[in-house]
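What follows is the content of coords.cif (mmCIF, N, CA and C atoms).
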data_my_file
#
loop_
_atom_site.label_atom_id
_atom_site.label_comp_id
_atom_site.auth_asym_id
_atom_site.auth_seq_id
_atom_site.Cartn_x
_atom_site.Cartn_y
_atom_site.Cartn_z
N MET H 967 -221.52 34.63 79.75
CA MET H 967 -220.93 35.08 78.51
C MET H 967 -219.44 34.80 78.47
N ASP H 968 -218.78 35.00 79.59
CA ASP H 968 -217.33 34.75 79.62
C ASP H 968 -217.03 33.29 79.33
N ALA H 969 -217.83 32.38 79.86
CA ALA H 969 -217.60 30.96 79.65
C ALA H 969 -217.80 30.58 78.19
N GLY H 970 -218.63 31.31 77.48
CA GLY H 970 -218.88 31.02 76.07
C GLY H 970 -217.89 31.67 75.14
N GLY H 971 -217.03 32.52 75.67
CA GLY H 971 -216.02 33.17 74.86
C GLY H 971 -216.55 34.31 74.00
N LEU H 972 -217.72 34.84 74.34
CA LEU H 972 -218.31 35.93 73.57
C LEU H 972 -218.47 37.16 74.44
N ASP H 973 -218.34 38.32 73.81
CA ASP H 973 -218.67 39.54 74.53
C ASP H 973 -220.19 39.68 74.56
N ARG H 974 -220.69 40.63 75.29
CA ARG H 974 -222.13 40.77 75.48
C ARG H 974 -222.87 40.96 74.16
N GLU H 975 -222.36 41.81 73.30
CA GLU H 975 -223.02 42.09 72.02
C GLU H 975 -223.11 40.83 71.15
N ALA H 976 -222.02 40.08 71.08
CA ALA H 976 -222.02 38.86 70.29
C ALA H 976 -222.96 37.82 70.88
N ALA H 977 -222.95 37.70 72.22
CA ALA H 977 -223.82 36.72 72.89
C ALA H 977 -225.29 37.06 72.65
N GLU H 978 -225.63 38.34 72.73
CA GLU H 978 -227.02 38.73 72.48
C GLU H 978 -227.41 38.47 71.03
N GLY H 979 -226.49 38.70 70.11
CA GLY H 979 -226.77 38.41 68.71
C GLY H 979 -227.01 36.93 68.46
N GLU H 980 -226.17 36.08 69.08
CA GLU H 980 -226.35 34.64 68.96
C GLU H 980 -227.70 34.20 69.55
N ALA H 981 -228.04 34.75 70.71
CA ALA H 981 -229.30 34.39 71.35
C ALA H 981 -230.49 34.84 70.51
N ALA H 982 -230.42 36.04 69.95
CA ALA H 982 -231.51 36.53 69.10
C ALA H 982 -231.66 35.67 67.85
N GLY H 983 -230.53 35.30 67.25
CA GLY H 983 -230.58 34.45 66.06
C GLY H 983 -231.17 33.09 66.36
N ALA H 984 -230.79 32.51 67.49
CA ALA H 984 -231.32 31.20 67.88
C ALA H 984 -232.81 31.28 68.18
N ALA H 985 -233.24 32.38 68.76
CA ALA H 985 -234.66 32.55 69.08
C ALA H 985 -235.49 32.74 67.82
N SER H 986 -234.94 33.43 66.82
CA SER H 986 -235.71 33.71 65.61
C SER H 986 -235.73 32.52 64.65
N SER H 987 -234.72 31.65 64.75
CA SER H 987 -234.65 30.48 63.86
C SER H 987 -234.07 29.30 64.63
N PRO H 988 -234.85 28.70 65.52
CA PRO H 988 -234.31 27.65 66.39
C PRO H 988 -233.81 26.41 65.64
N SER H 989 -234.36 26.12 64.49
CA SER H 989 -233.93 24.91 63.78
C SER H 989 -232.57 25.09 63.11
N GLN H 990 -232.08 26.31 62.95
CA GLN H 990 -230.80 26.53 62.31
C GLN H 990 -229.68 25.88 63.10
N LYS H 991 -229.69 26.03 64.40
CA LYS H 991 -228.63 25.44 65.23
C LYS H 991 -228.67 23.91 65.16
N ILE H 992 -229.86 23.34 65.18
CA ILE H 992 -229.99 21.89 65.09
C ILE H 992 -229.49 21.40 63.74
N SER H 993 -229.85 22.12 62.67
CA SER H 993 -229.40 21.74 61.33
C SER H 993 -227.89 21.81 61.22
N TYR H 994 -227.29 22.82 61.81
CA TYR H 994 -225.84 22.98 61.78
C TYR H 994 -225.15 21.78 62.46
N ILE H 995 -225.61 21.43 63.65
CA ILE H 995 -225.01 20.33 64.38
C ILE H 995 -225.22 19.00 63.65
N THR H 996 -226.41 18.79 63.09
CA THR H 996 -226.69 17.57 62.34
C THR H 996 -225.75 17.46 61.15
N GLY H 997 -225.56 18.55 60.43
CA GLY H 997 -224.65 18.56 59.29
C GLY H 997 -223.21 18.29 59.72
N LYS H 998 -222.82 18.88 60.84
CA LYS H 998 -221.46 18.64 61.35
C LYS H 998 -221.26 17.16 61.65
N TRP H 999 -222.24 16.53 62.31
CA TRP H 999 -222.13 15.10 62.63
C TRP H 999 -222.02 14.27 61.36
N GLN H 1000 -222.80 14.63 60.33
CA GLN H 1000 -222.75 13.89 59.07
C GLN H 1000 -221.38 14.02 58.42
N ILE H 1001 -220.83 15.22 58.40
CA ILE H 1001 -219.51 15.43 57.81
C ILE H 1001 -218.44 14.69 58.60
N MET H 1002 -218.53 14.70 59.92
CA MET H 1002 -217.55 13.99 60.73
C MET H 1002 -217.63 12.48 60.47
N GLY H 1003 -218.83 11.96 60.25
CA GLY H 1003 -218.99 10.55 59.90
C GLY H 1003 -218.34 10.23 58.55
N LEU H 1004 -218.56 11.11 57.58
CA LEU H 1004 -217.93 10.93 56.27
C LEU H 1004 -216.41 10.99 56.39
N LEU H 1005 -215.92 11.92 57.21
CA LEU H 1005 -214.48 12.04 57.41
C LEU H 1005 -213.90 10.76 57.99
N GLY H 1006 -214.56 10.19 58.97
CA GLY H 1006 -214.08 8.94 59.57
C GLY H 1006 -214.02 7.80 58.56
N ARG H 1007 -215.07 7.67 57.76
CA ARG H 1007 -215.09 6.61 56.74
C ARG H 1007 -214.02 6.85 55.69
N TYR H 1008 -213.84 8.10 55.29
CA TYR H 1008 -212.82 8.42 54.29
C TYR H 1008 -211.43 8.14 54.84
N ARG H 1009 -211.19 8.56 56.08
CA ARG H 1009 -209.89 8.32 56.72
C ARG H 1009 -209.60 6.82 56.80
N ASP H 1010 -210.60 6.04 57.18
CA ASP H 1010 -210.42 4.59 57.26
C ASP H 1010 -210.11 3.98 55.89
N SER H 1011 -210.78 4.47 54.86
CA SER H 1011 -210.59 3.90 53.53
C SER H 1011 -209.24 4.29 52.93
N GLN H 1012 -208.69 5.41 53.34
CA GLN H 1012 -207.43 5.89 52.77
C GLN H 1012 -206.20 5.38 53.52
N GLY H 1013 -206.37 5.00 54.76
CA GLY H 1013 -205.25 4.50 55.56
C GLY H 1013 -204.11 5.50 55.62
N GLU H 1014 -202.91 5.02 55.30
CA GLU H 1014 -201.72 5.88 55.36
C GLU H 1014 -201.73 6.98 54.30
N ASN H 1015 -202.56 6.85 53.29
CA ASN H 1015 -202.64 7.84 52.23
C ASN H 1015 -203.59 8.99 52.55
N PHE H 1016 -204.19 8.97 53.75
CA PHE H 1016 -205.16 10.00 54.12
C PHE H 1016 -204.52 11.38 54.12
N ARG H 1017 -205.21 12.31 53.45
CA ARG H 1017 -204.86 13.73 53.50
C ARG H 1017 -206.15 14.50 53.69
N LEU H 1018 -206.16 15.38 54.66
CA LEU H 1018 -207.36 16.15 54.96
C LEU H 1018 -207.77 17.01 53.76
N GLY H 1019 -206.80 17.59 53.08
CA GLY H 1019 -207.12 18.41 51.90
C GLY H 1019 -207.82 17.61 50.82
N ALA H 1020 -207.43 16.36 50.64
CA ALA H 1020 -208.09 15.50 49.65
C ALA H 1020 -209.53 15.22 50.07
N PHE H 1021 -209.73 15.03 51.37
CA PHE H 1021 -211.10 14.85 51.86
C PHE H 1021 -211.95 16.08 51.56
N HIS H 1022 -211.41 17.25 51.83
CA HIS H 1022 -212.14 18.48 51.55
C HIS H 1022 -212.49 18.58 50.07
N ASP H 1023 -211.53 18.24 49.21
CA ASP H 1023 -211.79 18.28 47.77
C ASP H 1023 -212.91 17.33 47.39
N GLN H 1024 -212.91 16.13 47.95
CA GLN H 1024 -213.95 15.15 47.67
C GLN H 1024 -215.31 15.63 48.18
N LEU H 1025 -215.30 16.21 49.37
CA LEU H 1025 -216.55 16.69 49.97
C LEU H 1025 -217.17 17.79 49.12
N ILE H 1026 -216.36 18.72 48.67
CA ILE H 1026 -216.87 19.84 47.89
C ILE H 1026 -217.33 19.38 46.50
N SER H 1027 -216.63 18.40 45.95
CA SER H 1027 -217.02 17.95 44.60
C SER H 1027 -218.30 17.15 44.67
#
Could you spell out this file's structure in structure tokens?
Amino acid sequence: MDAGGLDREAAEGEAAGAASSPSQKISYITGKWQIMGLLGRYRDSQGENFRLGAFHDQLIS
């Protein structure tokens, strides 16, 4: 638990949540990878004009 940065109660809650819905964690990581890929392409297309806030605005829209 110490290595994960969680106290016992939080660690048990995370473990219970993962056990009750195992695909949630996989979906979260898959979504994160997709967003990071979009971020990389957006950053490349914007060059010196890249602003993270503009990326967030585009992503949400």
For this session: Mind the document's chain letters and residue numbers, and return as number ranges by chain the residues of chain H that DSSP labels alpha helix (DSSP H).
Result: H: 974-986, 988-1012, 1018-1026
I need the chosen residues saved as a compact mmCIF listing (two decimals), in the frame of the given file, with N, CA and C atoms.
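File produced: part-v3.txt:
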# COMPACT_ATOMS: atom_id res chain seq x y z
N ARG H 974 -220.69 40.63 75.29
CA ARG H 974 -222.13 40.77 75.48
C ARG H 974 -222.87 40.96 74.16
N GLU H 975 -222.36 41.81 73.30
CA GLU H 975 -223.02 42.09 72.02
C GLU H 975 -223.11 40.83 71.15
N ALA H 976 -222.02 40.08 71.08
CA ALA H 976 -222.02 38.86 70.29
C ALA H 976 -222.96 37.82 70.88
N ALA H 977 -222.95 37.70 72.22
CA ALA H 977 -223.82 36.72 72.89
C ALA H 977 -225.29 37.06 72.65
N GLU H 978 -225.63 38.34 72.73
CA GLU H 978 -227.02 38.73 72.48
C GLU H 978 -227.41 38.47 71.03
N GLY H 979 -226.49 38.70 70.11
CA GLY H 979 -226.77 38.41 68.71
C GLY H 979 -227.01 36.93 68.46
N GLU H 980 -226.17 36.08 69.08
CA GLU H 980 -226.35 34.64 68.96
C GLU H 980 -227.70 34.20 69.55
N ALA H 981 -228.04 34.75 70.71
CA ALA H 981 -229.30 34.39 71.35
C ALA H 981 -230.49 34.84 70.51
N ALA H 982 -230.42 36.04 69.95
CA ALA H 982 -231.51 36.53 69.10
C ALA H 982 -231.66 35.67 67.85
N GLY H 983 -230.53 35.30 67.25
CA GLY H 983 -230.58 34.45 66.06
C GLY H 983 -231.17 33.09 66.36
N ALA H 984 -230.79 32.51 67.49
CA ALA H 984 -231.32 31.20 67.88
C ALA H 984 -232.81 31.28 68.18
N ALA H 985 -233.24 32.38 68.76
CA ALA H 985 -234.66 32.55 69.08
C ALA H 985 -235.49 32.74 67.82
N SER H 986 -234.94 33.43 66.82
CA SER H 986 -235.71 33.71 65.61
C SER H 986 -235.73 32.52 64.65
N PRO H 988 -234.85 28.70 65.52
CA PRO H 988 -234.31 27.65 66.39
C PRO H 988 -233.81 26.41 65.64
N SER H 989 -234.36 26.12 64.49
CA SER H 989 -233.93 24.91 63.78
C SER H 989 -232.57 25.09 63.11
N GLN H 990 -232.08 26.31 62.95
CA GLN H 990 -230.80 26.53 62.31
C GLN H 990 -229.68 25.88 63.10
N LYS H 991 -229.69 26.03 64.40
CA LYS H 991 -228.63 25.44 65.23
C LYS H 991 -228.67 23.91 65.16
N ILE H 992 -229.86 23.34 65.18
CA ILE H 992 -229.99 21.89 65.09
C ILE H 992 -229.49 21.40 63.74
N SER H 993 -229.85 22.12 62.67
CA SER H 993 -229.40 21.74 61.33
C SER H 993 -227.89 21.81 61.22
N TYR H 994 -227.29 22.82 61.81
CA TYR H 994 -225.84 22.98 61.78
C TYR H 994 -225.15 21.78 62.46
N ILE H 995 -225.61 21.43 63.65
CA ILE H 995 -225.01 20.33 64.38
C ILE H 995 -225.22 19.00 63.65
N THR H 996 -226.41 18.79 63.09
CA THR H 996 -226.69 17.57 62.34
C THR H 996 -225.75 17.46 61.15
N GLY H 997 -225.56 18.55 60.43
CA GLY H 997 -224.65 18.56 59.29
C GLY H 997 -223.21 18.29 59.72
N LYS H 998 -222.82 18.88 60.84
CA LYS H 998 -221.46 18.64 61.35
C LYS H 998 -221.26 17.16 61.65
N TRP H 999 -222.24 16.53 62.31
CA TRP H 999 -222.13 15.10 62.63
C TRP H 999 -222.02 14.27 61.36
N GLN H 1000 -222.80 14.63 60.33
CA GLN H 1000 -222.75 13.89 59.07
C GLN H 1000 -221.38 14.02 58.42
N ILE H 1001 -220.83 15.22 58.40
CA ILE H 1001 -219.51 15.43 57.81
C ILE H 1001 -218.44 14.69 58.60
N MET H 1002 -218.53 14.70 59.92
CA MET H 1002 -217.55 13.99 60.73
C MET H 1002 -217.63 12.48 60.47
N GLY H 1003 -218.83 11.96 60.25
CA GLY H 1003 -218.99 10.55 59.90
C GLY H 1003 -218.34 10.23 58.55
N LEU H 1004 -218.56 11.11 57.58
CA LEU H 1004 -217.93 10.93 56.27
C LEU H 1004 -216.41 10.99 56.39
N LEU H 1005 -215.92 11.92 57.21
CA LEU H 1005 -214.48 12.04 57.41
C LEU H 1005 -213.90 10.76 57.99
N GLY H 1006 -214.56 10.19 58.97
CA GLY H 1006 -214.08 8.94 59.57
C GLY H 1006 -214.02 7.80 58.56
N ARG H 1007 -215.07 7.67 57.76
CA ARG H 1007 -215.09 6.61 56.74
C ARG H 1007 -214.02 6.85 55.69
N TYR H 1008 -213.84 8.10 55.29
CA TYR H 1008 -212.82 8.42 54.29
C TYR H 1008 -211.43 8.14 54.84
N ARG H 1009 -211.19 8.56 56.08
CA ARG H 1009 -209.89 8.32 56.72
C ARG H 1009 -209.60 6.82 56.80
N ASP H 1010 -210.60 6.04 57.18
CA ASP H 1010 -210.42 4.59 57.26
C ASP H 1010 -210.11 3.98 55.89
N SER H 1011 -210.78 4.47 54.86
CA SER H 1011 -210.59 3.90 53.53
C SER H 1011 -209.24 4.29 52.93
N GLN H 1012 -208.69 5.41 53.34
CA GLN H 1012 -207.43 5.89 52.77
C GLN H 1012 -206.20 5.38 53.52
N LEU H 1018 -206.16 15.38 54.66
CA LEU H 1018 -207.36 16.15 54.96
C LEU H 1018 -207.77 17.01 53.76
N GLY H 1019 -206.80 17.59 53.08
CA GLY H 1019 -207.12 18.41 51.90
C GLY H 1019 -207.82 17.61 50.82
N ALA H 1020 -207.43 16.36 50.64
CA ALA H 1020 -208.09 15.50 49.65
C ALA H 1020 -209.53 15.22 50.07
N PHE H 1021 -209.73 15.03 51.37
CA PHE H 1021 -211.10 14.85 51.86
C PHE H 1021 -211.95 16.08 51.56
N HIS H 1022 -211.41 17.25 51.83
CA HIS H 1022 -212.14 18.48 51.55
C HIS H 1022 -212.49 18.58 50.07
N ASP H 1023 -211.53 18.24 49.21
CA ASP H 1023 -211.79 18.28 47.77
C ASP H 1023 -212.91 17.33 47.39
N GLN H 1024 -212.91 16.13 47.95
CA GLN H 1024 -213.95 15.15 47.67
C GLN H 1024 -215.31 15.63 48.18
N LEU H 1025 -215.30 16.21 49.37
CA LEU H 1025 -216.55 16.69 49.97
C LEU H 1025 -217.17 17.79 49.12
N ILE H 1026 -216.36 18.72 48.67
CA ILE H 1026 -216.87 19.84 47.89
C ILE H 1026 -217.33 19.38 46.50
Axis-aligned box for range 1002-1005 of chain H, 6 Å per side, centre and edges in Å as lines of an AutoDock Vina configuration file:
center_x = -216.4
center_y = 12.5
center_z = 58.5
size_x = 17.1
size_y = 16.5
size_z = 16.5
Problem set entry | Non-local contacts of Ile1001 in chain H (10 Å; only C-alpha atoms; under 6 positions in same chain excluded) as a ChimeraX atom specification | /H:995,1007,1025
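Across the model, the gap from CA of Ala1020 in chain H to CA of Tyr1008 in chain H is 9.7 Å.
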For this session: Take CA of Gly1006 in chain H and CA of His1022 in chain H and report the distance between them in Å, one decimal.
Result: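 CA of His1022 in chain H lies 12.6 Å from CA of Gly1006 in chain H.
Between atom C of Ser1011 in chain H and CA of Gln1024 in chain H the separation is 13.0 Å.
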